[in-house]
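Quick look at my_file.cif (mmCIF, C-alpha atoms, pLDDT in the B column; chains and numbers go by the auth columns):
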```cif
data_run
loop_
_atom_site.group_PDB
_atom_site.id
_atom_site.type_symbol
_atom_site.label_atom_id
_atom_site.label_comp_id
_atom_site.label_asym_id
_atom_site.label_seq_id
_atom_site.Cartn_x
_atom_site.Cartn_y
_atom_site.Cartn_z
_atom_site.B_iso_or_equiv
_atom_site.auth_seq_id
_atom_site.auth_asym_id
ATOM 1 C CA MET A 1 13.621 0.498 5.732 93.00 1 A
ATOM 2 C CA ILE A 2 12.773 -3.017 4.568 95.00 2 A
ATOM 3 C CA ILE A 3 9.934 -3.186 2.049 97.00 3 A
ATOM 4 C CA THR A 4 8.134 -6.361 0.990 97.00 4 A
ATOM 5 C CA ILE A 5 5.320 -6.563 -1.527 98.00 5 A
ATOM 6 C CA LEU A 6 2.739 -8.857 0.060 97.00 6 A
ATOM 7 C CA GLY A 7 0.124 -8.321 -2.631 97.00 7 A
ATOM 8 C CA SER A 8 0.892 -7.210 -6.186 98.00 8 A
ATOM 9 C CA GLY A 9 -2.593 -7.943 -7.537 98.00 9 A
ATOM 10 C CA THR A 10 -6.140 -6.630 -7.311 98.00 10 A
ATOM 11 C CA GLY A 11 -9.618 -7.672 -6.266 95.00 11 A
ATOM 12 C CA ILE A 12 -9.829 -10.171 -9.162 97.00 12 A
ATOM 13 C CA PRO A 13 -8.643 -13.580 -7.884 95.00 13 A
ATOM 14 C CA SER A 14 -5.223 -14.694 -9.091 96.00 14 A
ATOM 15 C CA ILE A 15 -3.096 -17.723 -8.211 95.00 15 A
ATOM 16 C CA ARG A 16 -0.003 -15.605 -8.813 96.00 16 A
ATOM 17 C CA ARG A 17 -0.910 -12.366 -7.049 97.00 17 A
ATOM 18 C CA ASN A 18 -2.511 -11.523 -3.713 97.00 18 A
ATOM 19 C CA PRO A 19 -4.686 -8.368 -3.460 98.00 19 A
ATOM 20 C CA PRO A 20 -2.899 -5.124 -2.503 98.00 20 A
ATOM 21 C CA CYS A 21 -0.563 -4.925 0.486 98.00 21 A
ATOM 22 C CA VAL A 22 2.951 -3.582 1.022 98.00 22 A
ATOM 23 C CA SER A 23 4.845 -4.329 4.233 97.00 23 A
ATOM 24 C CA MET A 24 7.424 -1.877 5.546 97.00 24 A
ATOM 25 C CA LYS A 25 9.777 -2.223 8.486 95.00 25 A
ATOM 26 C CA LEU A 26 10.124 1.339 9.773 94.00 26 A
ATOM 27 C CA GLY A 27 12.854 1.118 12.374 91.00 27 A
ATOM 28 C CA ALA A 28 11.377 -1.023 15.135 92.00 28 A
ATOM 29 C CA LYS A 29 7.810 -0.663 13.826 94.00 29 A
ATOM 30 C CA ASN A 30 6.018 -3.167 11.590 95.00 30 A
ATOM 31 C CA ALA A 31 3.741 -1.385 9.126 97.00 31 A
ATOM 32 C CA ILE A 32 1.522 -2.388 6.236 98.00 32 A
ATOM 33 C CA PHE A 33 0.054 -0.221 3.505 98.00 33 A
ATOM 34 C CA ASP A 34 -3.367 -1.562 2.485 98.00 34 A
ATOM 35 C CA SER A 35 -4.617 -4.987 3.528 98.00 35 A
ATOM 36 C CA GLY A 36 -6.338 -6.950 0.817 96.00 36 A
ATOM 37 C CA PRO A 37 -7.642 -10.473 1.507 95.00 37 A
ATOM 38 C CA GLY A 38 -4.847 -12.834 2.515 93.00 38 A
ATOM 39 C CA THR A 39 -2.672 -10.177 4.161 95.00 39 A
ATOM 40 C CA LEU A 40 -2.535 -11.953 7.543 95.00 40 A
ATOM 41 C CA LYS A 41 -1.371 -15.176 5.913 93.00 41 A
ATOM 42 C CA ASN A 42 1.330 -13.498 3.841 93.00 42 A
ATOM 43 C CA LEU A 43 2.559 -11.547 6.885 94.00 43 A
ATOM 44 C CA LEU A 44 3.364 -14.844 8.569 93.00 44 A
ATOM 45 C CA GLN A 45 5.897 -15.533 5.828 91.00 45 A
ATOM 46 C CA LEU A 46 7.772 -12.459 7.122 91.00 46 A
ATOM 47 C CA ASN A 47 7.489 -13.720 10.715 90.00 47 A
ATOM 48 C CA VAL A 48 5.080 -10.871 11.456 90.00 48 A
ATOM 49 C CA ASP A 49 1.732 -11.831 12.969 87.00 49 A
ATOM 50 C CA PHE A 50 -1.272 -9.798 14.079 87.00 50 A
ATOM 51 C CA LEU A 51 0.282 -9.277 17.527 90.00 51 A
ATOM 52 C CA ASN A 52 3.443 -7.710 16.094 91.00 52 A
ATOM 53 C CA LEU A 53 1.755 -5.330 13.656 95.00 53 A
ATOM 54 C CA ASP A 54 2.098 -1.707 14.833 96.00 54 A
ATOM 55 C CA LEU A 55 0.831 0.478 11.988 97.00 55 A
ATOM 56 C CA ILE A 56 -1.700 0.158 9.177 98.00 56 A
ATOM 57 C CA PHE A 57 -1.968 2.747 6.399 98.00 57 A
ATOM 58 C CA TYR A 58 -4.749 2.797 3.807 98.00 58 A
ATOM 59 C CA THR A 59 -4.694 4.475 0.417 98.00 59 A
ATOM 60 C CA HIS A 60 -8.500 4.303 0.020 96.00 60 A
ATOM 61 C CA LEU A 61 -11.486 2.310 1.173 96.00 61 A
ATOM 62 C CA HIS A 62 -12.194 0.032 -1.789 96.00 62 A
ATOM 63 C CA LEU A 63 -12.645 -3.556 -0.654 95.00 63 A
ATOM 64 C CA ASP A 64 -9.552 -4.984 -2.358 96.00 64 A
ATOM 65 C CA HIS A 65 -7.453 -2.603 -0.241 97.00 65 A
ATOM 66 C CA VAL A 66 -9.210 -2.517 3.130 97.00 66 A
ATOM 67 C CA SER A 67 -11.219 -5.724 3.587 95.00 67 A
ATOM 68 C CA GLU A 68 -8.683 -7.513 5.829 97.00 68 A
ATOM 69 C CA LEU A 69 -8.958 -4.824 8.519 97.00 69 A
ATOM 70 C CA ALA A 70 -11.943 -6.605 10.079 96.00 70 A
ATOM 71 C CA ALA A 71 -10.012 -9.896 10.099 96.00 71 A
ATOM 72 C CA ILE A 72 -6.995 -8.232 11.744 96.00 72 A
ATOM 73 C CA LEU A 73 -9.117 -6.710 14.500 96.00 73 A
ATOM 74 C CA PHE A 74 -10.967 -10.006 14.978 95.00 74 A
ATOM 75 C CA ALA A 75 -7.696 -11.928 15.370 93.00 75 A
ATOM 76 C CA THR A 76 -6.396 -9.542 18.046 91.00 76 A
ATOM 77 C CA LYS A 77 -9.064 -10.593 20.552 89.00 77 A
ATOM 78 C CA ILE A 78 -9.092 -14.379 20.187 89.00 78 A
ATOM 79 C CA PRO A 79 -7.711 -16.149 23.314 87.00 79 A
ATOM 80 C CA PRO A 80 -5.172 -17.090 24.385 89.00 80 A
ATOM 81 C CA THR A 81 -3.068 -14.598 22.367 85.00 81 A
ATOM 82 C CA ILE A 82 -4.985 -11.389 23.031 88.00 82 A
ATOM 83 C CA ARG A 83 -3.282 -8.248 21.779 91.00 83 A
ATOM 84 C CA GLN A 84 -2.149 -5.684 24.360 91.00 84 A
ATOM 85 C CA ARG A 85 0.193 -3.337 22.467 92.00 85 A
ATOM 86 C CA PRO A 86 -1.377 -0.264 20.765 95.00 86 A
ATOM 87 C CA LEU A 87 -2.393 -0.390 17.097 96.00 87 A
ATOM 88 C CA SER A 88 -2.612 2.726 14.917 97.00 88 A
ATOM 89 C CA VAL A 89 -4.623 2.828 11.686 98.00 89 A
ATOM 90 C CA TYR A 90 -4.223 5.747 9.264 98.00 90 A
ATOM 91 C CA GLY A 91 -6.106 6.522 6.092 97.00 91 A
ATOM 92 C CA PRO A 92 -8.103 8.979 3.985 96.00 92 A
ATOM 93 C CA ALA A 93 -11.161 11.001 4.901 94.00 93 A
ATOM 94 C CA GLY A 94 -13.980 8.606 5.712 95.00 94 A
ATOM 95 C CA LEU A 95 -11.795 6.092 7.578 97.00 95 A
ATOM 96 C CA LYS A 96 -13.403 6.856 10.948 97.00 96 A
ATOM 97 C CA ASP A 97 -16.900 6.411 9.530 97.00 97 A
ATOM 98 C CA TYR A 98 -15.795 3.168 7.875 97.00 98 A
ATOM 99 C CA TYR A 99 -14.527 1.846 11.208 97.00 99 A
ATOM 100 C CA GLU A 100 -17.668 2.878 13.088 97.00 100 A
ATOM 101 C CA ASN A 101 -19.883 1.198 10.494 97.00 101 A
ATOM 102 C CA MET A 102 -17.753 -1.944 10.676 96.00 102 A
ATOM 103 C CA ARG A 103 -17.959 -1.901 14.458 95.00 103 A
ATOM 104 C CA ARG A 104 -21.759 -1.571 14.371 96.00 104 A
ATOM 105 C CA LEU A 105 -21.921 -4.503 11.964 96.00 105 A
ATOM 106 C CA TYR A 106 -19.518 -6.895 13.714 95.00 106 A
ATOM 107 C CA LYS A 107 -19.991 -5.554 17.263 93.00 107 A
ATOM 108 C CA GLU A 108 -17.818 -7.207 19.924 90.00 108 A
ATOM 109 C CA THR A 109 -16.053 -9.462 17.405 92.00 109 A
ATOM 110 C CA VAL A 110 -13.850 -6.554 16.269 92.00 110 A
ATOM 111 C CA TYR A 111 -13.803 -4.467 19.440 88.00 111 A
ATOM 112 C CA THR A 112 -11.886 -4.944 22.676 87.00 112 A
ATOM 113 C CA ASP A 113 -10.591 -2.700 25.444 88.00 113 A
ATOM 114 C CA ALA A 114 -7.530 -4.910 25.929 90.00 114 A
ATOM 115 C CA TYR A 115 -5.423 -2.521 23.816 93.00 115 A
ATOM 116 C CA THR A 116 -5.578 1.012 22.449 95.00 116 A
ATOM 117 C CA LEU A 117 -6.775 1.355 18.862 96.00 117 A
ATOM 118 C CA ASN A 118 -6.009 4.711 17.225 96.00 118 A
ATOM 119 C CA ILE A 119 -7.913 5.631 14.045 97.00 119 A
ATOM 120 C CA GLU A 120 -6.612 8.740 12.280 97.00 120 A
ATOM 121 C CA GLU A 121 -7.424 10.405 8.974 97.00 121 A
ATOM 122 C CA MET A 122 -4.334 11.972 7.392 95.00 122 A
ATOM 123 C CA GLU A 123 -5.154 12.873 3.788 92.00 123 A
ATOM 124 C CA ASN A 124 -2.735 15.534 2.514 94.00 124 A
ATOM 125 C CA LYS A 125 -0.980 15.534 5.877 95.00 125 A
ATOM 126 C CA LYS A 126 2.407 14.508 7.234 95.00 126 A
ATOM 127 C CA ILE A 127 3.455 12.577 10.338 95.00 127 A
ATOM 128 C CA GLU A 128 6.815 11.682 11.855 95.00 128 A
ATOM 129 C CA MET A 129 7.726 8.603 13.853 90.00 129 A
ATOM 130 C CA GLU A 130 11.105 7.218 14.893 86.00 130 A
ATOM 131 C CA GLY A 131 12.835 9.559 12.464 93.00 131 A
ATOM 132 C CA PHE A 132 10.685 8.523 9.487 96.00 132 A
ATOM 133 C CA GLU A 133 8.570 11.125 7.711 97.00 133 A
ATOM 134 C CA ILE A 134 5.347 9.855 6.133 98.00 134 A
ATOM 135 C CA SER A 135 3.490 12.199 3.770 97.00 135 A
ATOM 136 C CA THR A 136 0.237 11.758 1.850 97.00 136 A
ATOM 137 C CA ARG A 137 -1.239 13.312 -1.260 96.00 137 A
ATOM 138 C CA THR A 138 -4.625 12.910 -2.925 95.00 138 A
ATOM 139 C CA MET A 139 -4.373 11.104 -6.269 96.00 139 A
ATOM 140 C CA GLU A 140 -6.618 10.728 -9.327 92.00 140 A
ATOM 141 C CA HIS A 141 -8.881 7.715 -8.761 93.00 141 A
ATOM 142 C CA HIS A 142 -12.574 6.837 -8.653 88.00 142 A
ATOM 143 C CA GLY A 143 -13.937 8.257 -5.405 81.00 143 A
ATOM 144 C CA GLY A 144 -10.475 9.432 -4.352 82.00 144 A
ATOM 145 C CA SER A 145 -7.301 7.734 -3.179 93.00 145 A
ATOM 146 C CA MET A 146 -4.047 8.903 -1.649 96.00 146 A
ATOM 147 C CA GLY A 147 -0.411 8.027 -2.125 97.00 147 A
ATOM 148 C CA TYR A 148 2.270 7.694 0.533 98.00 148 A
ATOM 149 C CA ARG A 149 5.813 9.071 0.518 98.00 149 A
ATOM 150 C CA ILE A 150 8.099 7.649 3.189 98.00 150 A
ATOM 151 C CA ALA A 151 11.471 9.259 3.951 97.00 151 A
ATOM 152 C CA THR A 152 14.028 7.407 6.048 95.00 152 A
ATOM 153 C CA PRO A 153 16.167 9.171 8.682 94.00 153 A
ATOM 154 C CA GLY A 154 19.044 8.962 6.180 93.00 154 A
ATOM 155 C CA GLY A 155 17.058 10.602 3.395 93.00 155 A
ATOM 156 C CA ASN A 156 16.050 7.611 1.243 96.00 156 A
ATOM 157 C CA LEU A 157 12.595 7.855 -0.312 98.00 157 A
ATOM 158 C CA ALA A 158 9.960 5.222 -1.038 98.00 158 A
ATOM 159 C CA VAL A 159 6.677 6.141 -2.715 98.00 159 A
ATOM 160 C CA TYR A 160 3.560 3.974 -2.924 98.00 160 A
ATOM 161 C CA SER A 161 0.997 5.505 -5.256 97.00 161 A
ATOM 162 C CA GLY A 162 -2.105 3.528 -4.350 95.00 162 A
ATOM 163 C CA ASP A 163 -4.685 3.484 -7.156 97.00 163 A
ATOM 164 C CA THR A 164 -4.290 6.479 -9.450 97.00 164 A
ATOM 165 C CA ASP A 165 -4.288 7.755 -12.988 97.00 165 A
ATOM 166 C CA TYR A 166 -1.541 10.025 -14.305 97.00 166 A
ATOM 167 C CA CYS A 167 -1.646 13.439 -12.618 96.00 167 A
ATOM 168 C CA ASP A 168 0.754 16.269 -11.836 96.00 168 A
ATOM 169 C CA ALA A 169 0.315 15.632 -8.112 95.00 169 A
ATOM 170 C CA LEU A 170 1.754 12.130 -8.516 97.00 170 A
ATOM 171 C CA VAL A 171 4.793 13.338 -10.479 98.00 171 A
ATOM 172 C CA GLU A 172 5.553 15.977 -7.863 97.00 172 A
ATOM 173 C CA PHE A 173 4.949 13.554 -4.994 97.00 173 A
ATOM 174 C CA ALA A 174 7.269 10.910 -6.498 97.00 174 A
ATOM 175 C CA LYS A 175 10.146 13.363 -7.067 98.00 175 A
ATOM 176 C CA ASP A 176 13.577 11.667 -6.716 98.00 176 A
ATOM 177 C CA ALA A 177 12.126 8.482 -5.205 98.00 177 A
ATOM 178 C CA ASP A 178 14.657 5.714 -4.634 98.00 178 A
ATOM 179 C CA LEU A 179 11.835 3.177 -4.896 98.00 179 A
ATOM 180 C CA LEU A 180 8.625 4.070 -6.736 98.00 180 A
ATOM 181 C CA MET A 181 5.782 1.540 -6.458 98.00 181 A
ATOM 182 C CA LEU A 182 3.065 2.432 -8.951 98.00 182 A
ATOM 183 C CA ASP A 183 -0.388 1.164 -9.785 98.00 183 A
ATOM 184 C CA CYS A 184 -0.169 -0.431 -13.239 98.00 184 A
ATOM 185 C CA SER A 185 -3.521 -2.137 -13.592 97.00 185 A
ATOM 186 C CA PHE A 186 -3.780 -2.856 -17.315 98.00 186 A
ATOM 187 C CA PRO A 187 -1.474 -2.981 -20.358 98.00 187 A
ATOM 188 C CA ASP A 188 -1.318 -0.017 -22.714 97.00 188 A
ATOM 189 C CA GLU A 189 -3.792 -1.707 -25.055 97.00 189 A
ATOM 190 C CA MET A 190 -6.460 -1.688 -22.298 96.00 190 A
ATOM 191 C CA LYS A 191 -5.948 1.720 -20.686 94.00 191 A
ATOM 192 C CA MET A 192 -8.622 2.329 -18.013 94.00 192 A
ATOM 193 C CA LYS A 193 -9.526 5.697 -16.524 95.00 193 A
ATOM 194 C CA GLY A 194 -8.457 6.004 -12.871 93.00 194 A
ATOM 195 C CA HIS A 195 -5.472 3.668 -13.241 96.00 195 A
ATOM 196 C CA LEU A 196 -2.001 3.875 -14.722 97.00 196 A
ATOM 197 C CA SER A 197 -0.953 1.951 -17.818 98.00 197 A
ATOM 198 C CA PRO A 198 2.724 0.959 -18.306 98.00 198 A
ATOM 199 C CA LYS A 199 3.230 3.989 -20.541 97.00 199 A
ATOM 200 C CA ASP A 200 1.768 6.230 -17.819 98.00 200 A
ATOM 201 C CA ALA A 201 3.873 4.596 -15.102 98.00 201 A
ATOM 202 C CA GLY A 202 7.022 4.995 -17.170 98.00 202 A
ATOM 203 C CA ARG A 203 6.203 8.635 -17.806 98.00 203 A
ATOM 204 C CA VAL A 204 5.713 9.277 -14.071 98.00 204 A
ATOM 205 C CA ALA A 205 9.036 7.581 -13.275 98.00 205 A
ATOM 206 C CA ARG A 206 10.862 9.607 -15.941 98.00 206 A
ATOM 207 C CA GLU A 207 9.320 12.949 -15.035 98.00 207 A
ATOM 208 C CA SER A 208 9.861 12.405 -11.309 98.00 208 A
ATOM 209 C CA ASN A 209 13.480 11.264 -11.740 98.00 209 A
ATOM 210 C CA ALA A 210 12.826 8.000 -9.879 98.00 210 A
ATOM 211 C CA LYS A 211 15.681 5.542 -9.477 97.00 211 A
ATOM 212 C CA LYS A 212 13.725 2.273 -9.473 98.00 212 A
ATOM 213 C CA LEU A 213 10.177 1.632 -10.688 98.00 213 A
ATOM 214 C CA VAL A 214 8.175 -1.314 -9.397 98.00 214 A
ATOM 215 C CA LEU A 215 4.773 -2.135 -10.875 98.00 215 A
ATOM 216 C CA VAL A 216 1.980 -3.250 -8.535 98.00 216 A
ATOM 217 C CA HIS A 217 -1.839 -3.565 -8.585 98.00 217 A
ATOM 218 C CA MET A 218 -1.848 -5.659 -11.761 98.00 218 A
ATOM 219 C CA TYR A 219 -4.971 -7.394 -12.984 98.00 219 A
ATOM 220 C CA PRO A 220 -4.520 -10.997 -14.212 98.00 220 A
ATOM 221 C CA VAL A 221 -4.525 -9.903 -17.863 97.00 221 A
ATOM 222 C CA CYS A 222 -1.204 -8.122 -17.238 98.00 222 A
ATOM 223 C CA ASP A 223 0.568 -11.478 -16.992 97.00 223 A
ATOM 224 C CA GLN A 224 -0.046 -11.939 -20.724 97.00 224 A
ATOM 225 C CA TYR A 225 1.981 -8.822 -21.605 97.00 225 A
ATOM 226 C CA ASP A 226 5.546 -7.590 -21.212 98.00 226 A
ATOM 227 C CA MET A 227 4.645 -4.782 -18.820 98.00 227 A
ATOM 228 C CA ALA A 228 8.274 -3.787 -18.178 98.00 228 A
ATOM 229 C CA ALA A 229 8.987 -3.406 -21.888 98.00 229 A
ATOM 230 C CA GLN A 230 5.968 -1.133 -22.268 98.00 230 A
ATOM 231 C CA CYS A 231 7.244 1.008 -19.367 97.00 231 A
ATOM 232 C CA LYS A 232 10.702 1.259 -20.903 97.00 232 A
ATOM 233 C CA LYS A 233 9.292 3.121 -23.875 96.00 233 A
ATOM 234 C CA GLU A 234 9.059 6.065 -21.478 97.00 234 A
ATOM 235 C CA PHE A 235 11.598 5.291 -18.726 98.00 235 A
ATOM 236 C CA ILE A 236 15.111 3.982 -19.315 95.00 236 A
ATOM 237 C CA GLY A 237 15.795 3.332 -15.623 95.00 237 A
ATOM 238 C CA ASP A 238 15.347 0.156 -13.606 97.00 238 A
ATOM 239 C CA VAL A 239 11.857 -1.361 -14.024 98.00 239 A
ATOM 240 C CA LEU A 240 10.580 -4.399 -12.134 98.00 240 A
ATOM 241 C CA VAL A 241 7.267 -6.183 -12.469 98.00 241 A
ATOM 242 C CA GLY A 242 6.227 -6.608 -8.849 98.00 242 A
ATOM 243 C CA GLU A 243 5.685 -10.092 -7.444 98.00 243 A
ATOM 244 C CA ASP A 244 4.324 -11.212 -4.101 97.00 244 A
ATOM 245 C CA LEU A 245 7.113 -11.423 -1.467 96.00 245 A
ATOM 246 C CA MET A 246 9.509 -9.312 -3.568 97.00 246 A
ATOM 247 C CA ARG A 247 11.799 -7.555 -1.046 97.00 247 A
ATOM 248 C CA PHE A 248 13.762 -4.279 -1.065 97.00 248 A
ATOM 249 C CA GLU A 249 15.997 -2.580 1.470 95.00 249 A
ATOM 250 C CA LEU A 250 16.744 1.147 1.625 91.00 250 A
ATOM 251 C CA ASN A 251 19.780 1.935 3.787 79.00 251 A
#
```
So that I can check it, write out the structure of this file as structure tokens.
Amino acid sequence: MIITILGSGTGIPSIRRNPPCVSMKLGAKNAIFDSGPGTLKNLLQLNVDFLNLDLIFYTHLHLDHVSELAAILFATKIPPTIRQRPLSVYGPAGLKDYYENMRRLYKETVYTDAYTLNIEEMENKKIEMEGFEISTRTMEHHGGSMGYRIATPGGNLAVYSGDTDYCDALVEFAKDADLLMLDCSFPDEMKMKGHLSPKDAGRVARESNAKKLVLVHMYPVCDQYDMAAQCKKEFIGDVLVGEDLMRFELN
């Protein structure tokens, strides 16, 4: 499993950080988790374009996480490179209604019968594909959000929290993760309900026995603080401040 952070930021514009997106190579499948604005452009830096994207997973339907879906579907039907391979989109409850509303708004610009588009809601469910097991769990966030736990055929674990505050469900879900990517929106001095602070993220990593903690979903103010040092007050393991195009490989 090859994991690349395509967006370590939020909906607030930042020169340094794109809005949320994590790319994962799951065997032969190209997957992304969330698709904030700019996702298509950053995918090109991995030599993955809209024709080679197989799977899209959404944590929740806030605009900084889902807004590029319309652009992806629009790109698939522009000649001469019209998509033909199937595309599957997974997400929380409400995803199907979101798609239908988007389709009514944009009409034929996001719809084509040239390929099969699968839309599936999978909150608190589990799916398997090519030996990978992908689980979801509802987290603590405004209006709801869900995290993803991805297990490789060899037993390695990656967890992407999506937007969440500290909760027991997150600690349990992140248990023994080899790579734990956590929302860390604001420094400890600016703790906001519905999001993790560095202290919270460190606590989750410690209590879940994670091996490596990577901070994502950081607002621009975070760049003025030593976010890793604040995490290390709770977690003595490996802590990285996520950056766009940061890459990991789980064998």
- Message: Here's a test: counting all atoms listed in the file, identify every protein, DNA and RNA residue with an atom at most 12 Å from (13.1, 6.6, -5.5) in the file's coordinate frame, and state them as a PyMOL selection string.
- Response: chain A and resi 149-152+155-160+171+173-182+204-206+208-214+237-239+248-250
Prev. selection, C-alpha atoms, output as a CSV table (one decimal), in the coordinates of the input:
```csv
chain,number,residue,atom,x,y,z
A,149,ARG,CA,5.8,9.1,0.5
A,150,ILE,CA,8.1,7.6,3.2
A,151,ALA,CA,11.5,9.3,4.0
A,152,THR,CA,14.0,7.4,6.0
A,155,GLY,CA,17.1,10.6,3.4
A,156,ASN,CA,16.0,7.6,1.2
A,157,LEU,CA,12.6,7.9,-0.3
A,158,ALA,CA,10.0,5.2,-1.0
A,159,VAL,CA,6.7,6.1,-2.7
A,160,TYR,CA,3.6,4.0,-2.9
A,171,VAL,CA,4.8,13.3,-10.5
A,173,PHE,CA,4.9,13.6,-5.0
A,174,ALA,CA,7.3,10.9,-6.5
A,175,LYS,CA,10.1,13.4,-7.1
A,176,ASP,CA,13.6,11.7,-6.7
A,177,ALA,CA,12.1,8.5,-5.2
A,178,ASP,CA,14.7,5.7,-4.6
A,179,LEU,CA,11.8,3.2,-4.9
A,180,LEU,CA,8.6,4.1,-6.7
A,181,MET,CA,5.8,1.5,-6.5
A,182,LEU,CA,3.1,2.4,-9.0
A,204,VAL,CA,5.7,9.3,-14.1
A,205,ALA,CA,9.0,7.6,-13.3
A,206,ARG,CA,10.9,9.6,-15.9
A,208,SER,CA,9.9,12.4,-11.3
A,209,ASN,CA,13.5,11.3,-11.7
A,210,ALA,CA,12.8,8.0,-9.9
A,211,LYS,CA,15.7,5.5,-9.5
A,212,LYS,CA,13.7,2.3,-9.5
A,213,LEU,CA,10.2,1.6,-10.7
A,214,VAL,CA,8.2,-1.3,-9.4
A,237,GLY,CA,15.8,3.3,-15.6
A,238,ASP,CA,15.3,0.2,-13.6
A,239,VAL,CA,11.9,-1.4,-14.0
A,248,PHE,CA,13.8,-4.3,-1.1
A,249,GLU,CA,16.0,-2.6,1.5
A,250,LEU,CA,16.7,1.1,1.6
```
- Message: For a test of reading the model, state the distance in Å between atom CA of His60 of chain A and atom CA of Pro187 of chain A, rounded to one decimal.
- Response: 22.8 Å
All residues 6 Å or closer to Val216 of chain A, all atoms listed in the file, same chain fewer than 3 positions away omitted, as a PDB file with C-alpha atoms, in the frame of the given file:
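In the end it all went to selection37.pdb:
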```
ATOM      1  CA  SER A   8       0.892  -7.210  -6.186  1.00 98.00           C
ATOM      2  CA  LEU A 182       3.065   2.432  -8.951  1.00 98.00           C
ATOM      3  CA  ASP A 183      -0.388   1.164  -9.785  1.00 98.00           C
ATOM      4  CA  CYS A 184      -0.169  -0.431 -13.239  1.00 98.00           C
ATOM      5  CA  GLY A 242       6.227  -6.608  -8.849  1.00 98.00           C
TER       6      GLY A 242
END
```
- Task: Take atom CA of Glu100 of chain A and atom CA of Ala70 of chain A and report the distance between them in Å, one decimal.
- Result: 11.5 Å
- Message: As a check of understanding, name the residues that the PyMOL selection byres ((chain A and resi 63) around 12) selects in the supplied structure, as a list in words.
- Response: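 Applied to this file, the PyMOL selection byres ((chain A and resi 63) around 12) selects Thr10, Gly11, Ile12, Pro19, Pro20, Asp34, Ser35, Gly36, Pro37, Tyr58, Thr59, His60, Leu61, His62, Asp64, His65, Val66, Ser67, Glu68, Leu69, Ala70 and Tyr98 of chain A.
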- Task: Using only C-alpha atoms, find the one residue out of A:Ile78, A:Cys167, A:Leu26, A:Leu6 that sits nearest to Met129 of chain A.
- Result: A:Leu26
- Query: Mind pulling up the distance from atom CA of Ser14 of chain A to atom CA of Leu170 of chain A?
  - Reply: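 That distance, rounded to one decimal, is 27.7 Å.
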